[in-house]
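Student: Contents of entry.pdb (PDB, N, CA and C atoms and all ligand atoms):
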```
ATOM      1  N   MET A   1     -24.160-227.402 -23.356
ATOM      2  CA  MET A   1     -25.506-227.876 -23.616
ATOM      3  C   MET A   1     -25.459-229.098 -24.534
ATOM      4  N   ILE A   2     -26.358-230.005 -24.283
ATOM      5  CA  ILE A   2     -26.472-231.196 -25.129
ATOM      6  C   ILE A   2     -27.493-230.922 -26.235
ATOM      7  N   THR A   3     -27.124-231.309 -27.471
ATOM      8  CA  THR A   3     -28.045-231.165 -28.595
ATOM      9  C   THR A   3     -28.161-232.512 -29.308
ATOM     10  N   THR A   4     -29.004-232.604 -30.316
ATOM     11  CA  THR A   4     -29.135-233.841 -31.095
ATOM     12  C   THR A   4     -29.002-233.528 -32.583
ATOM     13  N   TYR A   5     -28.555-234.537 -33.346
ATOM     14  CA  TYR A   5     -28.509-234.435 -34.811
ATOM     15  C   TYR A   5     -28.451-235.844 -35.402
ATOM     16  N   ALA A   6     -28.683-235.937 -36.712
ATOM     17  CA  ALA A   6     -28.670-237.252 -37.379
ATOM     18  C   ALA A   6     -27.249-237.599 -37.784
ATOM     19  N   HIS A   7     -26.754-238.751 -37.299
ATOM     20  CA  HIS A   7     -25.413-239.231 -37.600
ATOM     21  C   HIS A   7     -25.513-240.723 -37.870
ATOM     22  N   HIS A   8     -24.923-241.193 -38.981
ATOM     23  CA  HIS A   8     -25.079-242.594 -39.400
ATOM     24  C   HIS A   8     -26.560-242.976 -39.414
ATOM     25  N   ASP A   9     -27.406-242.053 -39.863
ATOM     26  CA  ASP A   9     -28.857-242.282 -39.995
ATOM     27  C   ASP A   9     -29.564-242.554 -38.668
ATOM     28  N   ILE A  10     -28.950-242.108 -37.577
ATOM     29  CA  ILE A  10     -29.589-242.253 -36.259
ATOM     30  C   ILE A  10     -29.535-240.887 -35.577
ATOM     31  N   LEU A  11     -30.592-240.556 -34.821
ATOM     32  CA  LEU A  11     -30.571-239.316 -34.062
ATOM     33  C   LEU A  11     -29.711-239.523 -32.824
ATOM     34  N   VAL A  12     -28.644-238.737 -32.702
ATOM     35  CA  VAL A  12     -27.721-238.905 -31.570
ATOM     36  C   VAL A  12     -27.651-237.629 -30.736
ATOM     37  N   ALA A  13     -27.315-237.801 -29.478
ATOM     38  CA  ALA A  13     -27.103-236.675 -28.581
ATOM     39  C   ALA A  13     -25.613-236.380 -28.507
ATOM     40  N   VAL A  14     -25.265-235.124 -28.377
ATOM     41  CA  VAL A  14     -23.856-234.735 -28.322
ATOM     42  C   VAL A  14     -23.699-233.435 -27.533
ATOM     43  N   GLU A  15     -22.579-233.328 -26.844
ATOM     44  CA  GLU A  15     -22.220-232.060 -26.211
ATOM     45  C   GLU A  15     -21.977-231.078 -27.367
ATOM     46  N   GLU A  16     -22.720-230.003 -27.393
ATOM     47  CA  GLU A  16     -22.719-229.109 -28.558
ATOM     48  C   GLU A  16     -21.309-228.666 -28.969
ATOM     49  N   GLU A  17     -20.464-228.364 -28.006
ATOM     50  CA  GLU A  17     -19.124-227.870 -28.354
ATOM     51  C   GLU A  17     -18.200-228.971 -28.894
ATOM     52  N   LEU A  18     -18.591-230.235 -28.748
ATOM     53  CA  LEU A  18     -17.778-231.337 -29.269
ATOM     54  C   LEU A  18     -18.286-231.864 -30.607
ATOM     55  N   LYS A  19     -19.446-231.412 -31.030
ATOM     56  CA  LYS A  19     -20.040-231.884 -32.283
ATOM     57  C   LYS A  19     -19.091-231.617 -33.449
ATOM     58  N   GLY A  20     -18.807-232.666 -34.233
ATOM     59  CA  GLY A  20     -17.953-232.523 -35.414
ATOM     60  C   GLY A  20     -16.467-232.436 -35.099
ATOM     61  N   LYS A  21     -16.072-232.665 -33.861
ATOM     62  CA  LYS A  21     -14.655-232.542 -33.466
ATOM     63  C   LYS A  21     -13.916-233.884 -33.461
ATOM     64  N   HIS A  22     -14.604-234.947 -33.838
ATOM     65  CA  HIS A  22     -14.032-236.290 -33.747
ATOM     66  C   HIS A  22     -12.666-236.401 -34.433
ATOM     67  N   ARG A  23     -12.576-235.920 -35.659
ATOM     68  CA  ARG A  23     -11.311-236.029 -36.406
ATOM     69  C   ARG A  23     -10.180-235.268 -35.736
ATOM     70  N   GLU A  24     -10.511-234.138 -35.180
ATOM     71  CA  GLU A  24      -9.504-233.322 -34.489
ATOM     72  C   GLU A  24      -8.915-234.065 -33.293
ATOM     73  N   HIS A  25      -9.757-234.841 -32.615
ATOM     74  CA  HIS A  25      -9.342-235.473 -31.367
ATOM     75  C   HIS A  25      -8.747-236.868 -31.552
ATOM     76  N   CYS A  26      -9.164-237.569 -32.588
ATOM     77  CA  CYS A  26      -8.835-238.987 -32.712
ATOM     78  C   CYS A  26      -7.408-239.195 -33.243
ATOM     79  N   LEU A  27      -6.628-240.003 -32.522
ATOM     80  CA  LEU A  27      -5.248-240.318 -32.910
ATOM     81  C   LEU A  27      -5.161-241.007 -34.269
ATOM     82  N   CYS A  28      -6.175-241.765 -34.619
ATOM     83  CA  CYS A  28      -6.136-242.562 -35.861
ATOM     84  C   CYS A  28      -5.824-241.696 -37.080
ATOM     85  N   TYR A  29      -6.331-240.476 -37.109
ATOM     86  CA  TYR A  29      -6.127-239.608 -38.275
ATOM     87  C   TYR A  29      -4.671-239.158 -38.413
ATOM     88  N   LYS A  30      -3.847-239.462 -37.418
ATOM     89  CA  LYS A  30      -2.420-239.113 -37.470
ATOM     90  C   LYS A  30      -1.545-240.361 -37.465
ATOM     91  N   CYS A  31      -2.131-241.504 -37.728
ATOM     92  CA  CYS A  31      -1.448-242.793 -37.592
ATOM     93  C   CYS A  31      -1.327-243.488 -38.948
ATOM     94  N   THR A  32      -0.161-244.085 -39.193
ATOM     95  CA  THR A  32       0.052-244.763 -40.483
ATOM     96  C   THR A  32      -0.787-246.038 -40.622
ATOM     97  N   ARG A  33      -1.264-246.576 -39.529
ATOM     98  CA  ARG A  33      -2.049-247.811 -39.600
ATOM     99  C   ARG A  33      -3.490-247.561 -40.056
ATOM    100  N   PHE A  34      -3.886-246.301 -40.112
ATOM    101  CA  PHE A  34      -5.288-245.954 -40.361
ATOM    102  C   PHE A  34      -5.590-245.886 -41.858
ATOM    103  N   HIS A  35      -6.511-246.740 -42.312
ATOM    104  CA  HIS A  35      -6.960-246.747 -43.713
ATOM    105  C   HIS A  35      -8.484-246.874 -43.698
ATOM    106  N   PRO A  36      -9.164-245.789 -43.397
ATOM    107  CA  PRO A  36     -10.600-245.854 -43.111
ATOM    108  C   PRO A  36     -11.467-246.351 -44.261
ATOM    109  N   ASN A  37     -11.008-246.217 -45.495
ATOM    110  CA  ASN A  37     -11.844-246.653 -46.620
ATOM    111  C   ASN A  37     -11.378-247.968 -47.222
ATOM    112  N   ASP A  38     -10.523-248.677 -46.500
ATOM    113  CA  ASP A  38      -9.983-249.928 -47.019
ATOM    114  C   ASP A  38     -10.015-250.977 -45.902
ATOM    115  N   ILE A  39     -11.081-251.725 -45.859
ATOM    116  CA  ILE A  39     -11.308-252.664 -44.752
ATOM    117  C   ILE A  39     -10.198-253.712 -44.643
ATOM    118  N   MET A  40      -9.554-254.065 -45.766
ATOM    119  CA  MET A  40      -8.495-255.074 -45.753
ATOM    120  C   MET A  40      -7.199-254.538 -45.136
ATOM    121  N   ARG A  41      -6.952-253.234 -45.275
ATOM    122  CA  ARG A  41      -5.701-252.649 -44.779
ATOM    123  C   ARG A  41      -5.886-251.901 -43.465
ATOM    124  N   ASN A  42      -7.115-251.592 -43.133
ATOM    125  CA  ASN A  42      -7.330-250.747 -41.959
ATOM    126  C   ASN A  42      -6.898-251.454 -40.674
ATOM    127  N   CYS A  43      -6.443-250.676 -39.745
ATOM    128  CA  CYS A  43      -6.104-251.146 -38.400
ATOM    129  C   CYS A  43      -7.322-251.857 -37.797
ATOM    130  N   ALA A  44      -7.114-253.031 -37.225
ATOM    131  CA  ALA A  44      -8.227-253.815 -36.668
ATOM    132  C   ALA A  44      -8.918-253.069 -35.524
ATOM    133  N   ILE A  45      -8.145-252.350 -34.741
ATOM    134  CA  ILE A  45      -8.743-251.608 -33.616
ATOM    135  C   ILE A  45      -9.634-250.493 -34.160
ATOM    136  N   ALA A  46      -9.115-249.745 -35.121
ATOM    137  CA  ALA A  46      -9.876-248.630 -35.706
ATOM    138  C   ALA A  46     -11.126-249.152 -36.410
ATOM    139  N   GLN A  47     -10.995-250.256 -37.116
ATOM    140  CA  GLN A  47     -12.136-250.809 -37.843
ATOM    141  C   GLN A  47     -13.221-251.280 -36.870
ATOM    142  N   THR A  48     -12.790-251.972 -35.829
ATOM    143  CA  THR A  48     -13.756-252.473 -34.838
ATOM    144  C   THR A  48     -14.431-251.316 -34.105
ATOM    145  N   THR A  49     -13.651-250.296 -33.795
ATOM    146  CA  THR A  49     -14.211-249.120 -33.125
ATOM    147  C   THR A  49     -15.257-248.462 -34.020
ATOM    148  N   TYR A  50     -14.931-248.317 -35.311
ATOM    149  CA  TYR A  50     -15.864-247.716 -36.262
ATOM    150  C   TYR A  50     -17.156-248.543 -36.368
ATOM    151  N   GLU A  51     -17.003-249.859 -36.497
ATOM    152  CA  GLU A  51     -18.176-250.724 -36.638
ATOM    153  C   GLU A  51     -19.067-250.665 -35.392
ATOM    154  N   ASN A  52     -18.423-250.551 -34.246
ATOM    155  CA  ASN A  52     -19.182-250.408 -32.995
ATOM    156  C   ASN A  52     -19.966-249.091 -32.985
ATOM    157  N   CYS A  53     -19.343-248.037 -33.504
ATOM    158  CA  CYS A  53     -20.010-246.731 -33.582
ATOM    159  C   CYS A  53     -21.228-246.786 -34.490
ATOM    160  N   VAL A  54     -21.061-247.424 -35.652
ATOM    161  CA  VAL A  54     -22.178-247.531 -36.594
ATOM    162  C   VAL A  54     -23.291-248.378 -35.976
ATOM    163  N   ARG A  55     -22.902-249.461 -35.330
ATOM    164  CA  ARG A  55     -23.893-250.376 -34.752
ATOM    165  C   ARG A  55     -24.731-249.713 -33.659
ATOM    166  N   PHE A  56     -24.066-248.922 -32.808
ATOM    167  CA  PHE A  56     -24.772-248.390 -31.644
ATOM    168  C   PHE A  56     -25.038-246.882 -31.700
ATOM    169  N   GLY A  57     -24.633-246.237 -32.797
ATOM    170  CA  GLY A  57     -24.900-244.797 -32.916
ATOM    171  C   GLY A  57     -24.050-243.978 -31.970
ATOM    172  N   THR A  58     -22.787-244.385 -31.819
ATOM    173  CA  THR A  58     -21.878-243.636 -30.956
ATOM    174  C   THR A  58     -20.751-243.028 -31.802
ATOM    175  N   THR A  59     -19.981-242.152 -31.214
ATOM    176  CA  THR A  59     -18.768-241.619 -31.834
ATOM    177  C   THR A  59     -17.661-241.773 -30.820
ATOM    178  N   THR A  60     -16.576-242.463 -31.221
ATOM    179  CA  THR A  60     -15.541-242.841 -30.257
ATOM    180  C   THR A  60     -14.163-242.458 -30.747
ATOM    181  N   PRO A  61     -13.704-241.247 -30.470
ATOM    182  CA  PRO A  61     -12.340-240.896 -30.845
ATOM    183  C   PRO A  61     -11.337-241.689 -30.014
ATOM    184  N   VAL A  62     -10.251-242.126 -30.643
ATOM    185  CA  VAL A  62      -9.199-242.844 -29.912
ATOM    186  C   VAL A  62      -8.260-241.798 -29.301
ATOM    187  N   TYR A  63      -8.270-241.707 -27.995
ATOM    188  CA  TYR A  63      -7.421-240.733 -27.300
ATOM    189  C   TYR A  63      -6.077-241.314 -26.903
ATOM    190  N   GLU A  64      -6.048-242.608 -26.693
ATOM    191  CA  GLU A  64      -4.805-243.267 -26.285
ATOM    192  C   GLU A  64      -4.707-244.586 -27.036
ATOM    193  N   CYS A  65      -3.504-244.934 -27.492
ATOM    194  CA  CYS A  65      -3.353-246.180 -28.239
ATOM    195  C   CYS A  65      -1.934-246.712 -28.098
ATOM    196  N   SER A  66      -1.803-248.000 -27.844
ATOM    197  CA  SER A  66      -0.492-248.638 -27.678
ATOM    198  C   SER A  66       0.137-248.997 -29.020
ATOM    199  N   ARG A  67      -0.614-248.898 -30.110
ATOM    200  CA  ARG A  67      -0.104-249.337 -31.420
ATOM    201  C   ARG A  67       0.106-248.173 -32.389
ATOM    202  N   PHE A  68      -0.011-246.961 -31.899
ATOM    203  CA  PHE A  68       0.109-245.773 -32.732
ATOM    204  C   PHE A  68       1.482-245.678 -33.405
ATOM    205  N   ILE A  69       1.475-245.395 -34.694
ATOM    206  CA  ILE A  69       2.707-245.088 -35.436
ATOM    207  C   ILE A  69       2.467-243.750 -36.129
ATOM    208  N   PRO A  70       3.269-242.722 -35.803
ATOM    209  CA  PRO A  70       2.994-241.401 -36.360
ATOM    210  C   PRO A  70       3.121-241.367 -37.877
ATOM    211  N   GLY A  71       2.178-240.717 -38.510
ATOM    212  CA  GLY A  71       2.217-240.525 -39.953
ATOM    213  C   GLY A  71       3.222-239.448 -40.332
ATOM    214  N   GLU A  72       3.444-239.307 -41.632
ATOM    215  CA  GLU A  72       4.406-238.335 -42.140
ATOM    216  C   GLU A  72       4.020-236.926 -41.685
ATOM    217  N   GLY A  73       4.991-236.217 -41.162
ATOM    218  CA  GLY A  73       4.775-234.825 -40.773
ATOM    219  C   GLY A  73       4.097-234.650 -39.421
ATOM    220  N   VAL A  74       3.804-235.767 -38.753
ATOM    221  CA  VAL A  74       3.147-235.668 -37.445
ATOM    222  C   VAL A  74       4.198-235.400 -36.369
ATOM    223  N   GLU A  75       3.973-234.365 -35.587
ATOM    224  CA  GLU A  75       4.885-234.061 -34.478
ATOM    225  C   GLU A  75       4.762-235.147 -33.430
ATOM    226  N   PHE A  76       5.896-235.727 -33.034
ATOM    227  CA  PHE A  76       5.853-236.857 -32.112
ATOM    228  C   PHE A  76       7.097-236.852 -31.245
ATOM    229  N   GLN A  77       6.922-237.094 -29.973
ATOM    230  CA  GLN A  77       8.056-237.186 -29.065
ATOM    231  C   GLN A  77       7.810-238.330 -28.101
ATOM    232  N   GLU A  78       8.744-239.260 -28.018
ATOM    233  CA  GLU A  78       8.601-240.366 -27.070
ATOM    234  C   GLU A  78       8.506-239.817 -25.651
ATOM    235  N   GLY A  79       7.595-240.359 -24.886
ATOM    236  CA  GLY A  79       7.465-239.943 -23.487
ATOM    237  C   GLY A  79       8.256-240.862 -22.579
ATOM    238  N   ILE A  80       8.078-240.680 -21.307
ATOM    239  CA  ILE A  80       8.778-241.492 -20.317
ATOM    240  C   ILE A  80       7.904-242.680 -19.956
ATOM    241  N   TRP A  81       8.479-243.840 -19.900
ATOM    242  CA  TRP A  81       7.738-245.071 -19.556
ATOM    243  C   TRP A  81       7.221-245.009 -18.152
TER     244      TRP A  81
HETATM  245  S1  LIG A 101      -3.020-248.139 -34.156
HETATM  246 FE1  LIG A 101      -4.298-246.988 -32.749
HETATM  247  S2  LIG A 101      -4.129-244.881 -33.421
HETATM  248 FE2  LIG A 101      -3.426-246.177 -35.085
HETATM  249  S3  LIG A 101      -5.207-246.501 -36.371
HETATM  250 FE3  LIG A 101      -5.117-248.192 -34.926
HETATM  251  S4  LIG A 101      -6.384-247.565 -33.217
HETATM  252 FE4  LIG A 101      -5.927-245.755 -34.399
END
```
Before anything else, please render the file you have as structure tokens.
Tutor:
Amino acid sequence: MITTYAHHDILVAVEEELKGKHREHCLCYKCTRFHPNDIMRNCAIAQTTYENCVRFGTTTPVYECSRFIPGEGVEFQEGIW
């Protein structure tokens, strides 16, 4: 079921079972390039994605990324090209 709630001061629609799951799904939270509270150090892709979310009232977890670098303690295995 789709529900609504206030996010970034805008009323947004969301699949109820996905509400609040952004951090769980987004690769950025496991990446060394991610510095969400430091605009000068933050990954340009992550920063632009965040700004787009604020601008349009969306939530966009990064599911795939070519620039990902695993953070400390992150389980990681190179795949096949
Ligand atoms: S490199 Fe990719 S995964 Fe890492 S912070 Fe940037 S967008 Fe997120």
Student: Go through the shown structure with the PyMOL selection byres (((not hetatm)) within 5 of (chain A and resi 101)) and write out the matching residues as an MDAnalysis selection string.
Tutor: chainID A and resid 27:28 31 33:34 43 45:46 65 67:69
Student: Please compute the CA of His35 in chain A-CA of Ile80 in chain A distance, one decimal, in Å.
Tutor: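 CA of Ile80 in chain A lies at a distance of 28.7 Å from CA of His35 in chain A.
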Student: Nearest residue to Ala13 in chain A out of A:Phe76, A:Tyr50, A:Tyr63, A:Gly57, using only C-alpha atoms?
Tutor: A:Gly57
Student: Pick out each residue of chain A that DSSP on the backbone tags as helix (DSSP H, G or I); I need them as a PyMOL selection string.
Tutor: chain A and resi 16-18+22-25+27-30+44-56
Student: What does the distance from atom C of Asp9 in chain A to atom C of Met40 in chain A come to in Å, to one decimal?
Tutor: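 Value for the atom C of Asp9 in chain A-atom C of Met40 in chain A distance: 26.2 Å.
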Student: Kindly give the distance, in Å, that separates CA of Thr60 in chain A and CA of Asn42 in chain A, rounded to a single decimal.
Tutor: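 It comes out at 16.3 Å.
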Student: Applied to this file, what does the PyMOL selection byres (((chain A and resi 1-5) around 8) and not hetatm) return in terms of residues, put as a list in words?
Tutor: Ala6, His7, His8, Asp9, Ile10, Leu11, Val12, Ala13, Val14, Glu15, Glu16 and Glu17 of chain A
Student: Mind checking DSSP for chain A and telling me the strand (DSSP E or B) residues as a ChimeraX atom specification?
Tutor: /A:2-7,10-15,31,70
Student: How big is the axis-aligned box around the listed atoms of range 1-9 of chain A once 3 Å is added on each side, and where is its centre? Give both in Å to one decimal, as AutoDock Vina command-line options.
Tutor:
```
--center_x -26.9 --center_y -235.2 --center_z -31.7 --size_x 11.4 --size_y 21.6 --size_z 22.6
```
Student: Considering only N, CA and C atoms, state which residue in the set A:Thr49, A:Lys30, A:Arg41, A:Arg55 is at the smallest distance from Glu72 in chain A.
Tutor: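 Among A:Thr49, A:Lys30, A:Arg41, A:Arg55, it is A:Lys30 that comes nearest to Glu72 in chain A.
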Student: Kindly complete range 55-72 of chain A to N, CA, C and O atoms; the output should be written as a tab-separated table (two decimals), in the coordinates of the input.
Tutor:
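Writing the result to selection03.tsv gives the following:
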```tsv
chain	number	residue	atom	x	y	z
A	55	ARG	N	-22.90	-249.46	-35.33
A	55	ARG	CA	-23.89	-250.38	-34.75
A	55	ARG	C	-24.73	-249.71	-33.66
A	55	ARG	O	-25.94	-249.91	-33.59
A	56	PHE	N	-24.07	-248.92	-32.81
A	56	PHE	CA	-24.77	-248.39	-31.64
A	56	PHE	C	-25.04	-246.88	-31.70
A	56	PHE	O	-25.57	-246.31	-30.76
A	57	GLY	N	-24.63	-246.24	-32.80
A	57	GLY	CA	-24.90	-244.80	-32.92
A	57	GLY	C	-24.05	-243.98	-31.97
A	57	GLY	O	-24.52	-242.99	-31.40
A	58	THR	N	-22.79	-244.38	-31.82
A	58	THR	CA	-21.88	-243.64	-30.96
A	58	THR	C	-20.75	-243.03	-31.80
A	58	THR	O	-20.58	-243.39	-32.97
A	59	THR	N	-19.98	-242.15	-31.21
A	59	THR	CA	-18.77	-241.62	-31.83
A	59	THR	C	-17.66	-241.77	-30.82
A	59	THR	O	-17.79	-241.31	-29.69
A	60	THR	N	-16.58	-242.46	-31.22
A	60	THR	CA	-15.54	-242.84	-30.26
A	60	THR	C	-14.16	-242.46	-30.75
A	60	THR	O	-13.48	-243.24	-31.41
A	61	PRO	N	-13.70	-241.25	-30.47
A	61	PRO	CA	-12.34	-240.90	-30.84
A	61	PRO	C	-11.34	-241.69	-30.01
A	61	PRO	O	-11.56	-241.91	-28.82
A	62	VAL	N	-10.25	-242.13	-30.64
A	62	VAL	CA	-9.20	-242.84	-29.91
A	62	VAL	C	-8.26	-241.80	-29.30
A	62	VAL	O	-7.55	-241.11	-30.02
A	63	TYR	N	-8.27	-241.71	-28.00
A	63	TYR	CA	-7.42	-240.73	-27.30
A	63	TYR	C	-6.08	-241.31	-26.90
A	63	TYR	O	-5.11	-240.59	-26.74
A	64	GLU	N	-6.05	-242.61	-26.69
A	64	GLU	CA	-4.80	-243.27	-26.28
A	64	GLU	C	-4.71	-244.59	-27.04
A	64	GLU	O	-5.71	-245.28	-27.20
A	65	CYS	N	-3.50	-244.93	-27.49
A	65	CYS	CA	-3.35	-246.18	-28.24
A	65	CYS	C	-1.93	-246.71	-28.10
A	65	CYS	O	-0.96	-245.97	-28.24
A	66	SER	N	-1.80	-248.00	-27.84
A	66	SER	CA	-0.49	-248.64	-27.68
A	66	SER	C	0.14	-249.00	-29.02
A	66	SER	O	1.31	-249.37	-29.08
A	67	ARG	N	-0.61	-248.90	-30.11
A	67	ARG	CA	-0.10	-249.34	-31.42
A	67	ARG	C	0.11	-248.17	-32.39
A	67	ARG	O	0.37	-248.38	-33.57
A	68	PHE	N	-0.01	-246.96	-31.90
A	68	PHE	CA	0.11	-245.77	-32.73
A	68	PHE	C	1.48	-245.68	-33.40
A	68	PHE	O	2.52	-245.87	-32.77
A	69	ILE	N	1.48	-245.40	-34.69
A	69	ILE	CA	2.71	-245.09	-35.44
A	69	ILE	C	2.47	-243.75	-36.13
A	69	ILE	O	1.55	-243.64	-36.96
A	70	PRO	N	3.27	-242.72	-35.80
A	70	PRO	CA	2.99	-241.40	-36.36
A	70	PRO	C	3.12	-241.37	-37.88
A	70	PRO	O	4.05	-241.93	-38.45
A	71	GLY	N	2.18	-240.72	-38.51
A	71	GLY	CA	2.22	-240.52	-39.95
A	71	GLY	C	3.22	-239.45	-40.33
A	71	GLY	O	3.78	-238.76	-39.47
A	72	GLU	N	3.44	-239.31	-41.63
A	72	GLU	CA	4.41	-238.34	-42.14
A	72	GLU	C	4.02	-236.93	-41.68
A	72	GLU	O	2.86	-236.53	-41.79
```
